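A.B. asks: I am attaching a structure below and will ask some questions about it afterwards.
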Amino acid sequence: MSPELHLILILVLRMMVAAAFVVTASIITERSGPVIGALVATLPVSAGPSYVFLALDHDAAFIAQGALSSLPVNAATIFMCLTYVVLAQRRSLLVSCGSAVAVWIVFASIIKQFDWPLTAGLAANLIAFGICIPLLAGYRHVKMPLVTRRWYDVPMRAALVATLVAIVVSTSGWVGPRISGIIALYPVVFSSIMVILHPRIGGPPTAAVLAHSAWGLLGFGMAIAVLHGAVVWFDSAIGLGLALATCIVWNLTLWGIGRRTQHKARQVP
């Protein structure tokens, strides 16, 4: 087998693995409602496979540097969500989603101009979420209509993530860790939620799903910080494992708090 064909086959295999993650997460999201769906959406469904494959191709220093760039990008993602949620109340998919993606691109373009130390990335997240979480709270309580899945929904999401993985992996050696860390954090799952659900159930219910994701996205930012620190102190495998564990524990905690709050609300006469 030629080296070129071997590289192509490896890339295709990586894309298929990433697509399998998305298919699984999509099925869970659609069957569990907006709250659980938002928590699943904030797991590292697209960024996780991208970072795993980057770790296979590069050393721990590359991953640690990429995580430093990913951390402020997580703050850009919450502003993207806020933009969509506000506009989706009355505007079309094209205006709402297009504006949200444009906001993310603007923030990402600014982020890539600087070297971000860990403290600056954490500060950016604290400021961004401190602003956005209270603003998003009022958009969460919307009655969700029945969603009927169409045949192209899951394949489209899988194709988007597989494409992202292909771009990250194939260009990482050329663009370096800073740009790779930014590209890896592009919110493919959130974008697909907008594109798929907005025409089907309307803007406000779709916005409610993204509004529910704010606290989960905050935990994802913590996981990126854990990834950087663990990779520096240990290695890429341990860093990736601890980052994933951080996301899972955080989201399970949010789920438990939500269940407890609902239980207390039912007991109030």
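Residues are named by chain letter and number: chains run A, B, ... in the order of the structure tokens, numbers start at 1 in each chain, and ligands are numbered from 1 in the order shown.
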With a cut-off of 9 Å, could you pull out the residues of region 69-109 of chain A touching region 126-134 of chain A and give me the nearest pair of atoms for each, distance in Å to one decimal, using only C-alpha atoms, ordered by chain and ascending number, as CSV?
C.D. replies:
```
residue,atom,partner,partner_atom,distance
A:Ala75,CA,A:Ala128,CA,5.6
A:Ala76,CA,A:Ala128,CA,7.9
A:Ile78,CA,A:Cys132,CA,6.9
A:Phe79,CA,A:Cys132,CA,7.0
A:Cys81,CA,A:Cys132,CA,8.8
A:Leu82,CA,A:Cys132,CA,6.6
```
A.B. asks: Using the selection just defined, write its residues with C-alpha atoms as a PDB file, in the first residue's frame.
C.D. replies:
```pdb
ATOM      1  CA  ALA A  75     -16.462  32.095  25.320  1.00  0.00           C
ATOM      2  CA  ALA A  76     -17.108  33.006  21.678  1.00  0.00           C
ATOM      3  CA  ILE A  78     -21.739  31.300  24.231  1.00  0.00           C
ATOM      4  CA  PHE A  79     -22.000  34.695  22.520  1.00  0.00           C
ATOM      5  CA  CYS A  81     -25.698  31.066  21.230  1.00  0.00           C
ATOM      6  CA  LEU A  82     -26.958  34.317  22.733  1.00  0.00           C
TER       7      LEU A  82
END
```
A.B. asks: Using only C-alpha atoms, find each residue of region 50-95 of chain A with at least one atom at most 12 Å away from an atom of region 235-248 of chain A; report its shortest atom-to-atom pair and that distance in Å (one decimal), sort the rows by chain and rising residue number, and return the result as CSV.
C.D. replies:
```
residue,atom,partner,partner_atom,distance
A:Ser50,CA,A:Leu240,CA,11.1
A:Tyr51,CA,A:Leu240,CA,7.9
A:Val52,CA,A:Leu240,CA,7.3
A:Phe53,CA,A:Ser236,CA,10.8
A:Leu54,CA,A:Ser236,CA,9.7
A:Ala55,CA,A:Ser236,CA,6.3
A:Leu56,CA,A:Ser236,CA,8.9
A:Asp57,CA,A:Ser236,CA,11.0
A:His58,CA,A:Ser236,CA,9.4
A:Asp59,CA,A:Ser236,CA,7.6
A:Ala60,CA,A:Ser236,CA,5.3
A:Ala61,CA,A:Ser236,CA,8.8
A:Phe62,CA,A:Ser236,CA,9.5
A:Ile63,CA,A:Ser236,CA,7.0
A:Ala64,CA,A:Ser236,CA,8.3
A:Gln65,CA,A:Ser236,CA,11.7
A:Gly66,CA,A:Ser236,CA,11.7
A:Ala67,CA,A:Gly239,CA,10.5
```
A.B. asks: Residues at most 7 Å from Leu71 (chain A), counting only C-alpha atoms, excluding those fewer than 2 positions away in the same chain, as a list in words?
C.D. replies: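 The residues that qualify are Ala67, Leu68, Ser69, Val73, Asn74, Gly121, Gly221, Ile224 and Ala225 of chain A.
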A.B. asks: Taking C-alpha atoms for each residue, export the selection above as a PDB file, in the first residue's frame.
C.D. replies:
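In the end it all went to part.pdb:
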```pdb
ATOM      1  CA  ALA A  67      -6.172  23.991  24.427  1.00  0.00           C
ATOM      2  CA  LEU A  68      -5.065  27.508  25.367  1.00  0.00           C
ATOM      3  CA  SER A  69      -6.553  28.761  22.094  1.00  0.00           C
ATOM      4  CA  VAL A  73     -13.175  30.195  21.739  1.00  0.00           C
ATOM      5  CA  ASN A  74     -15.571  28.568  24.193  1.00  0.00           C
ATOM      6  CA  GLY A 121      -8.726  32.301  28.811  1.00  0.00           C
ATOM      7  CA  GLY A 221     -14.756  25.407  29.289  1.00  0.00           C
ATOM      8  CA  ILE A 224     -10.571  22.576  28.294  1.00  0.00           C
ATOM      9  CA  ALA A 225      -8.655  24.147  31.199  1.00  0.00           C
TER      10      ALA A 225
END
```
A.B. asks: Could you work out how far CA of Leu39 (chain A) lies from CA of Leu122 (chain A), giving the answer in Å with one decimal?
C.D. replies: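 Straight-line distance from CA of Leu122 (chain A) to CA of Leu39 (chain A) works out to 21.0 Å.
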A.B. asks: To one decimal in Å, tell me the separation between CA of Ala184 (chain A) and CA of His212 (chain A).
C.D. replies: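 Straight-line distance from CA of Ala184 (chain A) to CA of His212 (chain A) works out to 22.4 Å.
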A.B. asks: May I ask for the distance between CA of Pro205 (chain A) and CA of Gly256 (chain A), given in Å to one decimal place?
C.D. replies: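 Distance reported for this atom pair: 23.1 Å.
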A.B. asks: Between A:Met194, A:Met222, A:Val188, A:Ala124, which residue has the minimum interatomic distance to Gly98 (chain A), considering only C-alpha atoms?
C.D. replies: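 Using only C-alpha atoms, the shortest distance to Gly98 (chain A) belongs to A:Met194.
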